[in-house]
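*Asks:* This is my_file37.cif (mmCIF, C-alpha atoms).
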```
data_work
#
loop_
_atom_site.label_atom_id
_atom_site.label_comp_id
_atom_site.auth_asym_id
_atom_site.auth_seq_id
_atom_site.Cartn_x
_atom_site.Cartn_y
_atom_site.Cartn_z
CA MET P 231 7.94 -5.16 -110.77
CA ALA P 232 11.05 -3.24 -109.82
CA VAL P 233 10.58 -4.24 -106.18
CA ARG P 234 10.14 -7.87 -107.17
CA THR P 235 13.33 -7.74 -109.26
CA ILE P 236 15.29 -6.41 -106.32
CA GLU P 237 13.89 -9.08 -103.98
CA VAL P 238 14.83 -11.87 -106.35
CA ARG P 239 18.25 -10.37 -106.91
CA GLU P 240 18.82 -10.18 -103.17
CA ARG P 241 17.87 -13.81 -102.73
CA VAL P 242 20.20 -14.83 -105.57
CA MET P 243 23.06 -12.82 -104.08
CA ALA P 244 22.43 -14.24 -100.61
CA ARG P 245 22.50 -17.77 -101.98
CA ASN P 246 25.74 -16.97 -103.84
CA ASP P 247 27.29 -15.68 -100.64
CA GLU P 248 26.37 -18.92 -98.87
CA LEU P 249 27.96 -20.97 -101.63
CA ALA P 250 31.03 -18.72 -101.64
CA GLY P 251 31.37 -19.34 -97.92
CA ALA P 252 31.31 -23.07 -98.56
CA VAL P 253 33.95 -22.71 -101.30
CA ARG P 254 36.08 -20.66 -98.91
CA GLY P 255 35.83 -23.34 -96.25
CA ARG P 256 36.69 -26.08 -98.71
CA LEU P 257 39.75 -24.21 -99.98
CA ALA P 258 40.90 -23.51 -96.42
CA ALA P 259 40.53 -27.19 -95.52
CA HIS P 260 42.97 -28.01 -98.32
CA GLY P 261 45.31 -25.10 -97.58
CA VAL P 262 44.60 -23.48 -100.94
CA THR P 263 45.03 -19.73 -101.42
CA ALA P 264 42.64 -18.36 -104.07
CA LEU P 265 42.90 -15.12 -106.02
CA ASN P 266 40.03 -13.84 -108.19
CA LEU P 267 41.45 -11.95 -111.19
CA VAL P 268 39.11 -9.29 -112.55
CA SER P 269 39.51 -6.68 -115.30
CA SER P 270 38.17 -5.24 -118.54
CA PRO P 271 38.31 -7.54 -121.55
CA GLY P 272 41.81 -7.62 -122.96
CA ALA P 273 43.64 -6.26 -119.92
CA GLY P 274 45.98 -9.24 -119.98
CA LYS P 275 44.68 -11.67 -117.35
CA THR P 276 45.40 -14.74 -119.46
CA PHE P 277 48.82 -13.55 -120.60
CA LEU P 278 49.83 -12.77 -117.01
CA LEU P 279 48.68 -16.26 -116.00
CA GLU P 280 50.63 -17.85 -118.87
CA LYS P 281 53.84 -16.22 -117.64
CA THR P 282 53.00 -16.98 -114.02
CA LEU P 283 52.32 -20.65 -114.77
CA ALA P 284 55.58 -20.92 -116.70
CA ALA P 285 57.57 -19.43 -113.80
CA LEU P 286 55.75 -20.74 -110.72
CA GLY P 287 53.28 -23.40 -111.83
CA GLU P 288 55.19 -26.26 -110.25
CA GLU P 289 56.82 -24.33 -107.41
CA LEU P 290 53.47 -23.12 -106.02
CA ASP P 291 51.24 -25.96 -107.28
CA ILE P 292 49.04 -23.59 -109.22
CA ALA P 293 45.63 -24.51 -110.62
CA VAL P 294 43.35 -22.25 -112.63
CA VAL P 295 39.62 -21.85 -113.18
CA THR P 296 38.83 -19.67 -116.19
CA GLY P 297 35.49 -18.03 -116.87
CA ASP P 298 34.36 -16.82 -120.27
CA VAL P 299 31.04 -15.83 -121.74
CA GLN P 300 31.84 -18.00 -124.73
CA THR P 301 34.77 -20.21 -125.91
CA GLN P 302 37.39 -22.10 -123.91
CA ASN P 303 40.18 -20.09 -125.56
CA ASP P 304 41.72 -18.95 -122.29
CA ALA P 305 41.77 -22.43 -120.80
CA ASP P 306 43.28 -23.80 -124.02
CA ARG P 307 45.96 -21.12 -123.99
CA LEU P 308 46.86 -21.85 -120.39
CA ALA P 309 46.84 -25.60 -120.90
CA ARG P 310 49.72 -25.16 -123.34
CA HIS P 311 51.86 -23.77 -120.53
CA THR P 312 51.19 -26.23 -117.78
CA THR P 313 50.56 -29.86 -117.13
CA ARG P 314 48.43 -28.80 -114.21
CA LEU P 315 44.69 -28.83 -114.48
CA VAL P 316 42.98 -25.83 -115.98
CA GLN P 317 39.23 -25.91 -115.58
CA ALA P 318 37.07 -23.84 -117.95
CA VAL P 319 33.65 -22.43 -117.13
CA VAL P 320 31.57 -21.02 -120.00
CA THR P 321 28.96 -18.72 -118.50
CA GLY P 322 26.83 -18.77 -121.66
CA GLY P 323 25.95 -15.09 -121.56
CA ALA P 324 26.42 -14.17 -117.92
CA CYS P 325 28.80 -11.27 -117.26
CA HIS P 326 30.56 -12.85 -114.29
CA LEU P 327 31.39 -16.15 -112.61
CA ASP P 328 29.34 -17.19 -109.60
CA ALA P 329 30.22 -19.34 -106.61
CA LEU P 330 28.16 -22.28 -107.86
CA GLN P 331 30.21 -22.42 -111.07
CA VAL P 332 33.46 -22.22 -109.13
CA SER P 333 32.30 -24.90 -106.73
CA ALA P 334 31.52 -27.21 -109.66
CA ALA P 335 34.85 -26.45 -111.32
CA LEU P 336 36.70 -27.34 -108.09
CA ASP P 337 35.23 -30.84 -108.27
CA ALA P 338 37.53 -31.45 -111.24
CA ILE P 339 40.66 -30.12 -109.53
CA ASP P 340 42.87 -32.10 -107.14
CA LEU P 341 42.89 -29.63 -104.25
CA ASP P 342 45.35 -31.75 -102.27
CA ARG P 343 47.88 -31.07 -105.00
CA THR P 344 47.04 -27.36 -105.23
CA ARG P 345 48.39 -24.51 -103.14
CA LEU P 346 47.54 -21.48 -105.26
CA LEU P 347 44.29 -21.21 -107.23
CA PHE P 348 43.68 -18.47 -109.76
CA ILE P 349 40.09 -17.77 -110.76
CA GLU P 350 40.18 -15.83 -114.01
CA ASN P 351 36.85 -14.06 -114.12
CA VAL P 352 34.89 -12.86 -117.16
CA GLY P 353 36.42 -9.69 -118.63
CA ASN P 354 34.13 -7.07 -117.16
CA LEU P 355 34.72 -4.13 -114.81
CA VAL P 356 31.17 -4.09 -113.43
CA CYS P 357 29.42 -7.40 -112.71
CA PRO P 358 32.23 -9.50 -111.13
CA ALA P 359 32.67 -6.86 -108.42
CA SER P 360 29.45 -7.98 -106.72
CA TRP P 361 30.07 -11.73 -106.73
CA ASP P 362 32.03 -13.42 -103.99
CA LEU P 363 33.57 -16.62 -105.34
CA GLY P 364 35.17 -17.76 -102.10
CA GLU P 365 38.50 -16.15 -102.97
CA LEU P 366 40.97 -14.74 -100.46
CA HIS P 367 41.33 -11.54 -102.48
CA LYS P 368 40.16 -9.96 -105.69
CA VAL P 369 43.02 -8.67 -107.82
CA VAL P 370 42.01 -6.06 -110.40
CA LEU P 371 44.12 -5.62 -113.53
CA PHE P 372 43.99 -2.45 -115.54
CA THR P 373 46.08 -1.43 -118.45
CA VAL P 374 47.90 1.72 -119.41
CA THR P 375 45.79 1.91 -122.59
CA GLU P 376 42.53 2.20 -120.66
CA GLY P 377 42.88 5.69 -119.21
CA GLU P 378 43.53 6.87 -115.67
CA ASP P 379 39.88 7.42 -114.77
CA LYS P 380 38.78 3.79 -114.71
CA PRO P 381 38.94 3.48 -110.89
CA LEU P 382 36.59 6.46 -110.57
CA LYS P 383 34.19 5.19 -113.23
CA TYR P 384 34.12 1.61 -111.93
CA PRO P 385 34.66 2.23 -108.21
CA LYS P 386 33.07 -0.93 -106.85
CA MET P 387 35.62 -3.14 -108.56
CA PHE P 388 38.50 -1.17 -107.08
CA GLN P 389 36.81 -0.95 -103.68
CA ASN P 390 36.35 -4.70 -103.55
CA SER P 391 39.89 -5.52 -104.69
CA ARG P 392 42.86 -5.82 -102.37
CA TYR P 393 45.51 -5.52 -105.10
CA ALA P 394 45.69 -3.65 -108.39
CA VAL P 395 47.98 -4.69 -111.22
CA LEU P 396 48.83 -2.09 -113.85
CA THR P 397 49.53 -4.12 -116.99
CA LYS P 398 51.20 -3.51 -120.38
CA THR P 399 53.62 -0.93 -118.96
CA ASP P 400 55.75 -1.52 -122.07
CA LEU P 401 53.18 0.60 -123.93
CA LEU P 402 53.67 3.62 -121.64
CA PRO P 403 55.90 5.45 -124.13
CA TYR P 404 53.12 5.34 -126.73
CA VAL P 405 50.03 6.32 -124.74
CA PRO P 406 49.07 9.43 -122.77
CA PHE P 407 48.79 7.63 -119.42
CA ASP P 408 49.81 9.18 -116.10
CA VAL P 409 50.68 6.33 -113.71
CA ALA P 410 50.71 8.57 -110.64
CA LEU P 411 47.26 9.94 -111.49
CA ALA P 412 45.85 6.46 -112.10
CA LYS P 413 47.12 5.32 -108.71
CA ALA P 414 45.81 8.43 -106.99
CA ASN P 415 42.38 7.78 -108.54
CA ALA P 416 42.46 4.17 -107.37
CA LEU P 417 43.51 5.16 -103.85
CA GLN P 418 40.68 7.70 -103.77
CA VAL P 419 38.15 4.84 -103.96
CA ASN P 420 40.20 2.36 -101.91
CA ALA P 421 42.97 3.74 -99.73
CA SER P 422 44.34 0.31 -98.83
CA LEU P 423 44.94 -0.91 -102.39
CA GLU P 424 48.43 -2.22 -103.08
CA PHE P 425 49.87 -1.92 -106.58
CA PHE P 426 51.96 -3.87 -109.00
CA GLU P 427 53.20 -2.40 -112.26
CA LEU P 428 54.35 -4.88 -114.85
CA SER P 429 54.72 -5.94 -118.45
CA ALA P 430 54.24 -9.64 -119.03
CA THR P 431 55.72 -9.00 -122.50
CA THR P 432 59.07 -7.55 -121.42
CA GLY P 433 59.13 -9.11 -117.96
CA ALA P 434 59.47 -5.73 -116.23
CA GLY P 435 57.96 -5.87 -112.75
CA MET P 436 57.26 -9.59 -112.90
CA ASP P 437 59.71 -10.44 -110.13
CA ALA P 438 57.75 -8.38 -107.60
CA TRP P 439 54.54 -10.15 -108.69
CA PHE P 440 56.15 -13.57 -108.33
CA GLU P 441 57.56 -12.67 -104.92
CA PHE P 442 54.12 -11.55 -103.80
CA LEU P 443 52.58 -14.85 -104.90
CA ARG P 444 55.24 -16.82 -103.02
CA SER P 445 54.61 -14.84 -99.86
CA ILE P 446 50.83 -15.07 -100.02
CA VAL P 447 50.99 -18.84 -100.48
CA LYS P 448 53.36 -19.04 -97.53
CA GLN P 449 50.93 -17.03 -95.40
CA GLY P 450 48.08 -19.29 -96.52
CA ALA P 451 50.00 -22.30 -95.30
CA GLY P 452 50.49 -20.60 -91.96
CA VAL P 453 54.28 -20.67 -92.39
CA MET D 98 14.33 -19.66 -107.62
CA ALA D 99 16.22 -19.88 -110.92
CA VAL D 100 12.93 -20.12 -112.80
CA ARG D 101 11.56 -17.11 -110.97
CA THR D 102 14.71 -15.10 -111.81
CA ILE D 103 14.31 -15.89 -115.49
CA GLU D 104 10.63 -14.94 -115.46
CA VAL D 105 11.35 -11.60 -113.86
CA ARG D 106 14.23 -10.97 -116.22
CA GLU D 107 12.01 -11.68 -119.20
CA ARG D 108 9.39 -9.23 -117.97
CA VAL D 109 12.04 -6.56 -117.42
CA MET D 110 13.48 -7.12 -120.90
CA ALA D 111 10.01 -7.06 -122.49
CA ARG D 112 9.25 -3.76 -120.76
CA ASN D 113 12.59 -2.37 -121.95
CA ASP D 114 11.82 -3.39 -125.52
CA GLU D 115 8.48 -1.56 -125.31
CA LEU D 116 10.20 1.58 -124.07
CA ALA D 117 12.91 1.24 -126.72
CA GLY D 118 10.19 1.08 -129.35
CA ALA D 119 8.74 4.32 -128.00
CA VAL D 120 12.18 5.96 -128.06
CA ARG D 121 12.65 4.78 -131.65
CA GLY D 122 9.31 6.29 -132.66
CA ARG D 123 10.10 9.57 -130.94
CA LEU D 124 13.50 9.84 -132.65
CA ALA D 125 11.96 9.00 -136.04
CA ALA D 126 9.31 11.66 -135.55
CA HIS D 127 12.09 14.22 -135.14
CA GLY D 128 14.24 12.80 -137.95
CA VAL D 129 17.03 11.87 -135.53
CA THR D 130 19.47 9.05 -136.38
CA ALA D 131 20.76 7.34 -133.22
CA LEU D 132 23.89 5.21 -132.82
CA ASN D 133 24.56 3.20 -129.65
CA LEU D 134 28.33 3.02 -129.02
CA VAL D 135 29.40 -0.06 -127.10
CA SER D 136 32.82 -1.40 -126.11
CA SER D 137 35.10 -2.54 -123.31
CA PRO D 138 36.11 0.15 -120.81
CA GLY D 139 38.85 2.29 -122.28
CA ALA D 140 38.36 1.38 -125.95
CA GLY D 141 38.13 5.04 -126.83
CA LYS D 142 34.41 5.81 -127.16
CA THR D 143 34.71 9.21 -125.52
CA PHE D 144 37.86 10.20 -127.40
CA LEU D 145 36.28 9.23 -130.73
CA LEU D 146 33.24 11.34 -129.80
CA GLU D 147 35.45 14.30 -128.84
CA LYS D 148 37.05 14.27 -132.28
CA THR D 149 33.70 13.65 -133.99
CA LEU D 150 32.03 16.54 -132.17
CA ALA D 151 34.92 18.84 -133.05
CA ALA D 152 34.66 17.93 -136.74
CA LEU D 153 30.95 17.42 -137.28
CA GLY D 154 29.11 18.65 -134.19
CA GLU D 155 27.56 21.64 -135.94
CA GLU D 156 27.38 20.18 -139.44
CA LEU D 157 25.31 17.18 -138.33
CA ASP D 158 23.61 18.72 -135.28
CA ILE D 159 25.03 16.08 -132.97
CA ALA D 160 23.78 15.46 -129.43
CA VAL D 161 25.13 12.91 -126.99
CA VAL D 162 23.80 10.82 -124.12
CA THR D 163 26.59 9.30 -122.03
CA GLY D 164 26.16 6.40 -119.63
CA ASP D 165 28.53 5.61 -116.82
CA VAL D 166 28.36 3.47 -113.72
CA GLN D 167 29.76 6.36 -111.75
CA THR D 168 30.97 9.93 -112.47
CA GLN D 169 29.98 12.35 -115.22
CA ASN D 170 33.59 12.46 -116.51
CA ASP D 171 32.67 11.55 -120.07
CA ALA D 172 29.93 14.13 -120.32
CA ASP D 173 32.26 16.76 -118.84
CA ARG D 174 34.97 15.86 -121.36
CA LEU D 175 32.55 16.09 -124.26
CA ALA D 176 31.04 19.34 -123.03
CA ARG D 177 34.45 20.96 -123.45
CA HIS D 178 34.27 20.23 -127.19
CA THR D 179 30.77 21.32 -128.03
CA THR D 180 28.19 23.89 -127.17
CA ARG D 181 25.55 21.26 -127.93
CA LEU D 182 23.83 19.48 -125.12
CA VAL D 183 25.50 16.45 -123.62
CA GLN D 184 23.24 14.56 -121.29
CA ALA D 185 24.81 12.29 -118.65
CA VAL D 186 23.19 9.21 -117.16
CA VAL D 187 24.80 7.67 -114.09
CA THR D 188 23.57 4.10 -113.82
CA GLY D 189 24.66 3.79 -110.18
CA GLY D 190 25.97 0.27 -110.47
CA ALA D 191 24.14 -1.12 -113.50
CA CYS D 192 26.37 -2.49 -116.27
CA HIS D 193 24.40 -0.97 -119.15
CA LEU D 194 22.03 1.81 -120.11
CA ASP D 195 18.36 0.95 -120.49
CA ALA D 196 15.65 2.48 -122.64
CA LEU D 197 13.99 4.21 -119.68
CA GLN D 198 17.22 6.09 -118.89
CA VAL D 199 17.64 7.11 -122.51
CA SER D 200 14.02 8.21 -122.71
CA ALA D 201 14.49 10.43 -119.65
CA ALA D 202 17.75 11.83 -121.02
CA LEU D 203 16.01 12.77 -124.28
CA ASP D 204 13.61 15.00 -122.34
CA ALA D 205 16.57 17.34 -121.77
CA ILE D 206 17.66 17.40 -125.43
CA ASP D 207 16.13 19.62 -128.12
CA LEU D 208 15.36 16.92 -130.67
CA ASP D 209 14.20 19.45 -133.26
CA ARG D 210 17.74 20.79 -133.31
CA THR D 211 19.32 17.31 -133.42
CA ARG D 212 19.97 15.12 -136.45
CA LEU D 213 22.55 12.66 -135.10
CA LEU D 214 22.38 11.26 -131.58
CA PHE D 215 25.20 9.25 -130.04
CA ILE D 216 24.40 7.10 -127.05
CA GLU D 217 27.69 6.28 -125.34
CA ASN D 218 26.92 3.15 -123.36
CA VAL D 219 28.63 1.87 -120.20
CA GLY D 220 32.03 0.33 -120.99
CA ASN D 221 31.15 -3.34 -121.00
CA LEU D 222 31.29 -6.05 -123.69
CA VAL D 223 28.52 -8.17 -122.16
CA CYS D 224 25.46 -6.45 -120.69
CA PRO D 225 24.76 -3.66 -123.21
CA ALA D 226 24.42 -6.27 -125.99
CA SER D 227 21.02 -7.33 -124.64
CA TRP D 228 19.47 -3.90 -124.20
CA ASP D 229 17.73 -2.13 -127.04
CA LEU D 230 17.85 1.62 -126.46
CA GLY D 231 15.84 2.62 -129.50
CA GLU D 232 18.96 3.16 -131.61
CA LEU D 233 19.18 2.63 -135.36
CA HIS D 234 22.40 0.62 -134.97
CA LYS D 235 24.82 -0.54 -132.34
CA VAL D 236 28.43 0.30 -133.17
CA VAL D 237 31.01 -1.79 -131.32
CA LEU D 238 34.48 -0.38 -130.74
CA PHE D 239 37.40 -2.64 -130.03
CA THR D 240 41.02 -1.77 -129.74
CA VAL D 241 44.20 -3.28 -131.07
CA THR D 242 45.43 -3.75 -127.49
CA GLU D 243 42.54 -6.06 -126.58
CA GLY D 244 43.46 -9.13 -128.62
CA GLU D 245 41.94 -10.62 -131.76
CA ASP D 246 39.70 -13.12 -129.95
CA LYS D 247 37.26 -10.65 -128.40
CA PRO D 248 34.53 -11.20 -131.05
CA LEU D 249 34.60 -14.94 -130.30
CA LYS D 250 34.58 -14.45 -126.54
CA TYR D 251 31.85 -11.82 -126.54
CA PRO D 252 29.85 -12.91 -129.60
CA LYS D 253 26.50 -11.39 -128.69
CA MET D 254 27.90 -7.86 -128.80
CA PHE D 255 29.34 -8.41 -132.26
CA GLN D 256 26.20 -10.22 -133.44
CA ASN D 257 24.01 -7.33 -132.35
CA SER D 258 26.21 -4.62 -133.84
CA ARG D 259 25.97 -3.40 -137.43
CA TYR D 260 29.39 -1.71 -137.48
CA ALA D 261 32.72 -2.43 -135.79
CA VAL D 262 35.34 0.25 -135.23
CA LEU D 263 38.89 -0.90 -134.62
CA THR D 264 40.43 1.86 -132.50
CA LYS D 265 43.95 2.98 -131.52
CA THR D 266 45.49 1.70 -134.75
CA ASP D 267 48.47 3.98 -134.00
CA LEU D 268 49.49 1.35 -131.42
CA LEU D 269 49.66 -1.45 -134.01
CA PRO D 270 53.48 -1.29 -134.30
CA TYR D 271 53.79 -1.99 -130.56
CA VAL D 272 51.31 -4.82 -130.00
CA PRO D 273 51.01 -8.35 -131.38
CA PHE D 274 47.64 -7.76 -133.05
CA ASP D 275 46.62 -9.30 -136.37
CA VAL D 276 43.98 -7.04 -137.94
CA ALA D 277 42.97 -9.60 -140.57
CA LEU D 278 42.48 -12.28 -137.92
CA ALA D 279 40.44 -9.93 -135.72
CA LYS D 280 38.15 -9.11 -138.65
CA ALA D 281 37.84 -12.77 -139.62
CA ASN D 282 36.83 -13.59 -136.04
CA ALA D 283 34.25 -10.81 -136.05
CA LEU D 284 32.82 -11.92 -139.40
CA GLN D 285 32.61 -15.46 -138.07
CA VAL D 286 29.99 -14.31 -135.52
CA ASN D 287 28.38 -11.68 -137.77
CA ALA D 288 28.99 -11.95 -141.51
CA SER D 289 27.34 -8.61 -142.27
CA LEU D 290 29.52 -6.47 -139.98
CA GLU D 291 31.14 -3.46 -141.65
CA PHE D 292 34.46 -2.19 -140.34
CA PHE D 293 36.24 1.04 -139.68
CA GLU D 294 39.89 1.19 -138.66
CA LEU D 295 41.04 4.42 -137.15
CA SER D 296 43.20 6.31 -134.72
CA ALA D 297 41.50 9.30 -133.13
CA THR D 298 45.00 10.29 -131.95
CA THR D 299 46.70 10.53 -135.36
CA GLY D 300 43.54 11.07 -137.40
CA ALA D 301 44.20 8.02 -139.59
CA GLY D 302 40.93 6.57 -140.87
CA MET D 303 38.82 9.36 -139.41
CA ASP D 304 37.72 10.67 -142.81
CA ALA D 305 35.98 7.39 -143.64
CA TRP D 306 34.22 7.50 -140.26
CA PHE D 307 33.07 11.09 -140.83
CA GLU D 308 31.88 10.26 -144.36
CA PHE D 309 29.89 7.34 -142.97
CA LEU D 310 28.21 9.58 -140.40
CA ARG D 311 27.28 12.12 -143.06
CA SER D 312 25.74 9.42 -145.23
CA ILE D 313 23.81 7.75 -142.44
CA VAL D 314 22.32 11.09 -141.35
CA LYS D 315 21.37 11.76 -144.99
CA GLN D 316 19.65 8.37 -145.19
CA GLY D 317 17.85 9.08 -141.90
CA ALA D 318 16.46 12.29 -143.38
CA GLY D 319 15.22 10.31 -146.39
CA VAL D 320 17.41 12.41 -148.70
#
```
Starting from the file, lay out its structure as structure tokens.

*Replies:*
Amino acid sequence: MAVRTIEVRERVMARNDELAGAVRGRLAAHGVTALNLVSSPGAGKTFLLEKTLAALGEELDIAVVTGDVQTQNDADRLARHTTRLVQAVVTGGACHLDALQVSAALDAIDLDRTRLLFIENVGNLVCPASWDLGELHKVVLFTVTEGEDKPLKYPKMFQNSRYAVLTKTDLLPYVPFDVALAKANALQVNASLEFFELSATTGAGMDAWFEFLRSIVKQGAGV
Amino acid sequence: MAVRTIEVRERVMARNDELAGAVRGRLAAHGVTALNLVSSPGAGKTFLLEKTLAALGEELDIAVVTGDVQTQNDADRLARHTTRLVQAVVTGGACHLDALQVSAALDAIDLDRTRLLFIENVGNLVCPASWDLGELHKVVLFTVTEGEDKPLKYPKMFQNSRYAVLTKTDLLPYVPFDVALAKANALQVNASLEFFELSATTGAGMDAWFEFLRSIVKQGAGV
């Protein structure tokens, strides 16, 4: 039975990878840069997107696909900050988005009017690591309240991410969190990770994040 | 292929439930009360266990099985606080413990010298909800930094838990977290949830937690 489970899983993953490839091609055809945001629950993905939409929503023609196990809370929150389309996917129990869900969500988004697409994955440091959604890069968020060892305990997520965003840095005075150690742990599992440190609450570090988004969209457009 | 995946998944879950039943019988035969701790990564399961072992490890004959995707960090941390056996399970990628892993871990624990068993699950608010490990109760931890909506977004975990522990209450002055709203959300998905609010850092609320553990062990012994 174990062998059968693995075979089926491999077929499902292979089919997902095919669909992700198709999503990637479709996004490229429209000049859309896509980032897949992954993290633990409550690491601040939605709040970072709220602030990002408020600052750059129009400038970078941002659209968002949100994934949640249950509720459309995140999409509703984001919709308050933008007139641009936010498309919600409710996975109904699944611990990650898959490429089929993203592909369906894209049908409801005007890709010709989109340059930057955020895919806000289900809050989960394990499952989303294995699922290609057709994104350019995975961006992993982790917060200063989570402990420095998370990259070592959830290595696949940090291995498969290109960028790491340390969130809620405003809480650093109140928690025993060693930023240098956390980064060293992350680099131990992925030496090419690049970091952002920010607080979407105070605004600290947000400029560097915004500048990065501008530059990655510019690269995507071949400018 | 989707149908086949569901069939296989159902067989795997049915087999897990059988094994969980066997674990439950084995624990009962030895008079061991087992609690399955579940939460997001970084909600403070290990820290709560460190403080609990220090206070009650000998009094309640506590043993621990820890589950992690990678590393034995948690088990190593706990082993510093107790001379009692801490048994580590590395799931090697899986987003939850299963009953087979727990059963194997129990082979290394002297159950005749154990009255309270903690199973520290993989940090994940989705997958562990579906897996019976033979525990008496699931206990879900969630922290004041995670946001009040987590019970609504991850309902199955809160539905399948008997107790909810709100952790890191020492951070309440620094985060926009409404305790009453969080509890109301949790009760909306599970009206019979009972709550603890505590800070393992300051010790606030820990006495109620300890008293609960004493009483549940007493009940387990039929006293």

*Asks:* Could you give me, as a tab-separated table, every chain P residue with an atom at most 7 Å from chain D, plus its closest atom pair and distance in Å to one decimal, counting all atoms listed in the file, rows ordered by chain then number?

*Replies:*
```
residue	atom	partner	partner_atom	distance
P:Thr235	CA	D:Val105	CA	6.3
P:Val238	CA	D:Thr102	CA	6.3
P:Ser270	CA	D:Pro138	CA	6.2
P:Pro271	CA	D:Ser137	CA	6.2
P:Gly272	CA	D:Glu243	CA	4.0
P:Ala273	CA	D:Glu243	CA	6.8
P:Asp298	CA	D:Lys250	CA	6.7
P:Val299	CA	D:Lys250	CA	6.1
P:Gln300	CA	D:Lys250	CA	4.8
P:Thr301	CA	D:Lys250	CA	5.8
P:Cys325	CA	D:Val223	CA	5.8
P:Asn354	CA	D:Asn221	CA	6.1
P:Val356	CA	D:Cys192	CA	5.8
P:Cys357	CA	D:Cys192	CA	6.8
P:Thr375	CA	D:Gly139	CA	7.0
P:Glu376	CA	D:Gly139	CA	4.0
P:Gly377	CA	D:Gly139	CA	6.1
P:Leu382	CA	D:Thr168	CA	6.9
P:Lys383	CA	D:Gln167	CA	4.8
P:Tyr384	CA	D:Val166	CA	6.3
```

*Asks:* In Å, with one decimal, what is the gap from CA of Thr163 (chain D) to CA of Arg121 (chain D)?

*Replies:*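 So the answer is 17.5 Å.
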
*Asks:* Pull out every residue that the PyMOL selection byres ((chain P and resi 329) around 8) matches in the shown coordinates and put them as a PyMOL selection string.

*Replies:* chain P and resi 246-247+249-250+253+327-328+330-333+361-364

*Asks:* Using CA of Ala281 (chain D) and CA of Leu295 (chain D) as the two end points, give the distance in Å to one decimal.

*Replies:* 17.7 Å

*Asks:* Which value, in Å to one decimal, gives the distance between CA of Pro406 (chain P) and CA of His178 (chain D)?

*Replies:* 18.8 Å

*Asks:* Of the residues P:Thr312, P:Leu371, P:Gln449, P:Ala264, which is the one nearest to Glu424 (chain P), using all atoms listed in the file?

*Replies:*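 Counting all atoms listed in the file, the residue closest to Glu424 (chain P) is P:Leu371.
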
*Asks:* Report the residues retrieved by the PyMOL selection byres ((chain P and resi 447) around 8) from the displayed file, expressed as a short mmCIF file (atom, residue, chain, number, x, y, z; two decimals) with C-alpha atoms, in the frame of the given file.

*Replies:*
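Result file is result-v4.cif:
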```
data_model
loop_
_atom_site.label_atom_id
_atom_site.label_comp_id
_atom_site.auth_asym_id
_atom_site.auth_seq_id
_atom_site.Cartn_x
_atom_site.Cartn_y
_atom_site.Cartn_z
CA VAL P 262 44.60 -23.48 -100.94
CA THR P 263 45.03 -19.73 -101.42
CA LEU P 290 53.47 -23.12 -106.02
CA ARG P 345 48.39 -24.51 -103.14
CA LEU P 346 47.54 -21.48 -105.26
CA LEU P 443 52.58 -14.85 -104.90
CA ARG P 444 55.24 -16.82 -103.02
CA SER P 445 54.61 -14.84 -99.86
CA ILE P 446 50.83 -15.07 -100.02
CA LYS P 448 53.36 -19.04 -97.53
CA GLN P 449 50.93 -17.03 -95.40
CA GLY P 450 48.08 -19.29 -96.52
CA ALA P 451 50.00 -22.30 -95.30
#
```

*Asks:* Please, what is the axis-aligned box for every listed atom of region 405-412 of chain P with 6 Å on each side, as centre and edge lengths in Å to one decimal, as AutoDock Vina command-line options?

*Replies:*
```
--center_x 48.3 --center_y 8.1 --center_z -117.7 --size_x 16.9 --size_y 15.6 --size_z 26.1
```

*Asks:* Hey, what's within 12 Å of Gly300 (chain D) if we count only C-alpha atoms and toss same-chain stuff fewer than 5 positions away? As an mmCIF file with C-alpha atoms, in the coordinates of the input, please?

*Replies:*
```
data_model
loop_
_atom_site.group_PDB
_atom_site.id
_atom_site.type_symbol
_atom_site.label_atom_id
_atom_site.label_comp_id
_atom_site.auth_asym_id
_atom_site.auth_seq_id
_atom_site.Cartn_x
_atom_site.Cartn_y
_atom_site.Cartn_z
ATOM 1 C CA PHE D 144 37.860 10.200 -127.400
ATOM 2 C CA LEU D 145 36.280 9.230 -130.730
ATOM 3 C CA LYS D 148 37.050 14.270 -132.280
ATOM 4 C CA THR D 149 33.700 13.650 -133.990
ATOM 5 C CA ALA D 152 34.660 17.930 -136.740
ATOM 6 C CA THR D 264 40.430 1.860 -132.500
ATOM 7 C CA LYS D 265 43.950 2.980 -131.520
ATOM 8 C CA THR D 266 45.490 1.700 -134.750
ATOM 9 C CA ASP D 267 48.470 3.980 -134.000
ATOM 10 C CA GLU D 294 39.890 1.190 -138.660
ATOM 11 C CA LEU D 295 41.040 4.420 -137.150
ATOM 12 C CA ALA D 305 35.980 7.390 -143.640
ATOM 13 C CA TRP D 306 34.220 7.500 -140.260
ATOM 14 C CA PHE D 307 33.070 11.090 -140.830
#
```

*Asks:* For this file, the PyMOL selection byres ((chain P and resi 425) around 7) selects which residues, as a VMD selection string?

*Replies:* chain P and resid 393 to 395 423 to 424 426 to 427
